[in-house]
Amino acid sequence: MTRLSAVVVLAMAVLTGTASAVPPPPPNPSDGEISASRAEADAKAARVGELTGKLTQAESRLQELLDDVSYKRELANKARVDLETAISEAEAARREASAARVQADAAAKAVEESRRALDEFAAASYAQGSTVGSFSAYFGAKSPEDLLARAQLLEAVSASGLNQLEQVTRDQGTAANLNAAARAAVQKADAKQAAADEAKKVADQAQQVAAEAHTAQAAATAQLQSDKDAVEHELTAARGEVNGLEAQRRQYDQWVEDKKREDEENARRAAAAAAAAQAAVPARPIAAPSGSRVQTVIDRALAQRGVIYAWGGGNYDGPTYGVRDGGVADSYGDYRKIGFDCSGLMMYAFAGVGIYLPHYSGYQYNSGPKVPLSQMAPGDMIFWGPGGGTHVALYLGGGMMVEAPHSGATVRISPVRYGGIMPYVTRML
């Protein structure tokens with residue numbers, strides 16, 4: 001038997017087996033019992049409807065809070081990147097200050113040495129009776145010419161030492177100015193680092209608050225779901241008590257209709273499976289022109305399908321350990337996982353063509369030209385949230401995208417979601 005015939009036979013067996021099921025025979029209660037049973041079922045149904053409405057609102061609010069958590073997490077990611085930049089600038093300023101201090105110390109040492117040499121010269125001149133300004137320097141001159149020569153020699157020696165001292169002093173002043181400027185640069189860099197550190201603390205706190213709100217809403221939503229499930233079970237029991245031929249017939253007709261749809265779906269699946277087994281040709285994914293830079297970016301992103309999500313994870317070379325966020329990501333243990341977050345996946349994909357994006361979706365949104373959403377093409381980056389700061393994905397074409405969605409998930413292909421989407425995409429190629 002071929003694979004195709006086996007699939008067809010199995011499908012027919014399933015359809016034949018399920019079609020033979022029949023409902024049990026209904027009882028024959030009194031009119032009073034039927035009326036009371038229906039009234040109880042109606043009350044349960046009304047309660048289910050009420051809880052369904054509340055659950056719908058709770059789930060909507062839960063999604064809003066999840067989006068807010070994603071946005072706050074990306075802001076915390078931005079603050080982390082800004083803090084790293086500020087730390088690097090502060091370290092560079094400290095190195096420059098250290099070099100300036102070395103220059104100033106060397107100049108000061110030269111000044112002291114020059115002063116000491118001049119002091120020694122003056123002492124020696126005095127001991128020999130040749131101190132500048134002392135009449136003893138001219139005793140023993142044998143002629144007016146000899147007297148003039150001694151005066152010129154002493155003046156030249158003195159002027160040379162003084163000129164040298166003045167030059168070294170000027171050099172010391174220049175070095176001291178550099179030292180002062182470097183200290184000012186260090187103070188400015190330290191201030192920027194302190195501001196960036198404070199911004200990171202604020203962003204982390206905001207993220208924590210958002211995560212706690214989401215957790216609380218998730219608990220409330222779960223309680224509503226539990227209440228709804230309990231009442232639905234009660235409704236099922238109440239409807240089971242709705243006896244009588246008319247009620248039993250409605251249930252049976254509905255069962256028949258449901259089974260009909262199920263049988264049609266089973267037949268459709270069997271036909272599809274048979275066609276697939278016969279054709280044995282895998283579907284081709286939507287792709288950019290072969291060999292293009294866009295295709296390189298898409299291929300790099302698609303090659304990461306199945307890689308675990310890790311908040312703060314991923315760089316130009318591939319997946320990395322995630323980082324702590326103090327909230328949702330930590331609850332999933334992202335900091336212990338090697339994977340990608342949404343902006344980390346974009347970093348890796350575009351690095352394959354020499355484009356190095358920052359690790360924050362809000363910065364990535366402004367990294368290239370904007371194109372209206374209606375004109376997006378494969379290889380464009382799609383963004384959600386204010387300023388693109390909530391989420392980013394790579395458009396594949398045909399209404400599909402590849403993304404690192406959220407903690408607990410993996411890199412995957414998904415239909416484009418239009419709720420909260422930005423009106424423009426960013427086109428790097």
# chains A, B, ... in the order shown; residues from 1 in each chain; ligands from 1

call {"tool": "residues_around", "arguments": {"residues": "stretch 70-79 of chain A", "least_positions_apart": "6", "cutoff": "10 Å", "atoms": "only C-alpha atoms", "output": "JSON, numbers by chain"}}
result
{"A": [64, 85, 196, 197, 198, 199, 200, 201, 202, 203, 204, 205, 206, 207, 208, 209, 210, 211, 311, 312, 323, 325, 326, 327, 328, 329, 342, 343, 358, 359, 360, 361, 362, 363, 384, 385, 386, 387, 388, 389, 390, 391, 406]}

call {"tool": "residues_around", "arguments": {"residues": "A:Ser407", "least_positions_apart": "2", "cutoff": "10 Å", "atoms": "only C-alpha atoms", "output": "list in words"}}
result
Ile308, Tyr309, Ala310, Trp311, Val328, Ala329, Asp330, Ser331, Tyr332, Gly333, Asp334, Phe340, Asp341, Ala404, Pro405, Ala409 and Thr410 of chain A

call {"tool": "select_by_dssp", "arguments": {"residues": "stretch 284-328 of chain A", "states": "helix (DSSP H, G or I)", "output": "PyMOL selection string"}}
result
chain A and resi 293-302+328

call {"tool": "residues_around", "arguments": {"residues": "stretch 394-400 of chain A", "least_positions_apart": "2", "cutoff": "6 Å", "atoms": "only C-alpha atoms", "output": "MDAnalysis selection string"}}
result
chainID A and resid 378:381 402 414:416

call {"tool": "residues_around", "arguments": {"residues": "A:Phe350", "least_positions_apart": "3", "cutoff": "9 Å", "atoms": "only C-alpha atoms", "output": "list in words"}}
result
Val294, Thr296, Val297, Ile298, Arg300, Ala301, Tyr316, Leu345, Met346, Met347, Val353, Gly354, Ile355, Tyr356, Leu357 and Met428 of chain A

call {"tool": "residues_around", "arguments": {"residues": "A:Lys188", "least_positions_apart": "6", "cutoff": "10 Å", "atoms": "only C-alpha atoms", "output": "ChimeraX atom specification"}}
result
/A:89-90,93,182,194

call {"tool": "write_last_selection", "arguments": {"atoms": "N, CA and C atoms", "output": "compact mmCIF listing (two decimals), in the first residue's frame"}}
result
# COMPACT_ATOMS: atom_id res chain seq x y z
N GLU A 89 33.04 57.17 28.25
CA GLU A 89 33.48 58.56 28.14
C GLU A 89 34.21 59.01 29.41
N ALA A 90 33.71 58.60 30.57
CA ALA A 90 34.35 58.98 31.82
C ALA A 90 35.75 58.36 31.94
N ALA A 93 38.10 60.33 29.75
CA ALA A 93 38.43 61.63 30.36
C ALA A 93 39.44 61.45 31.49
N ALA A 182 41.45 68.96 31.80
CA ALA A 182 41.18 67.53 31.91
C ALA A 182 40.32 67.24 33.14
N ALA A 194 26.83 59.76 36.26
CA ALA A 194 25.88 59.75 37.38
C ALA A 194 24.45 59.92 36.88

call {"tool": "residues_around", "arguments": {"residues": "A:Leu55", "least_positions_apart": "6", "cutoff": "9 Å", "atoms": "only C-alpha atoms", "output": "ChimeraX atom specification"}}
result
/A:221-222,224-225,228

call {"tool": "closest_residue", "arguments": {"among": "A:Ile382, A:Ala175, A:Ala189, A:Val242", "to": "A:Ala104", "atoms": "only C-alpha atoms"}}
result
A:Ala175

call {"tool": "residues_around", "arguments": {"residues": "A:Tyr335", "least_positions_apart": "3", "cutoff": "6 Å", "atoms": "only C-alpha atoms", "output": "PyMOL selection string"}}
result
chain A and resi 321-324

call {"tool": "closest_residue", "arguments": {"among": "A:Val307, A:Val425, A:Ala58, A:Leu373", "to": "A:Arg412", "atoms": "only C-alpha atoms"}}
result
A:Val307

call {"tool": "closest_residue", "arguments": {"among": "A:Glu33, A:Ser143, A:Glu120, A:Asn177", "to": "A:Arg101", "atoms": "only C-alpha atoms"}}
result
A:Asn177

call {"tool": "atom_distance", "arguments": {"atom1": "atom CA of A:Gly313", "atom2": "atom CA of A:Gly344"}}
result
6.0 Å
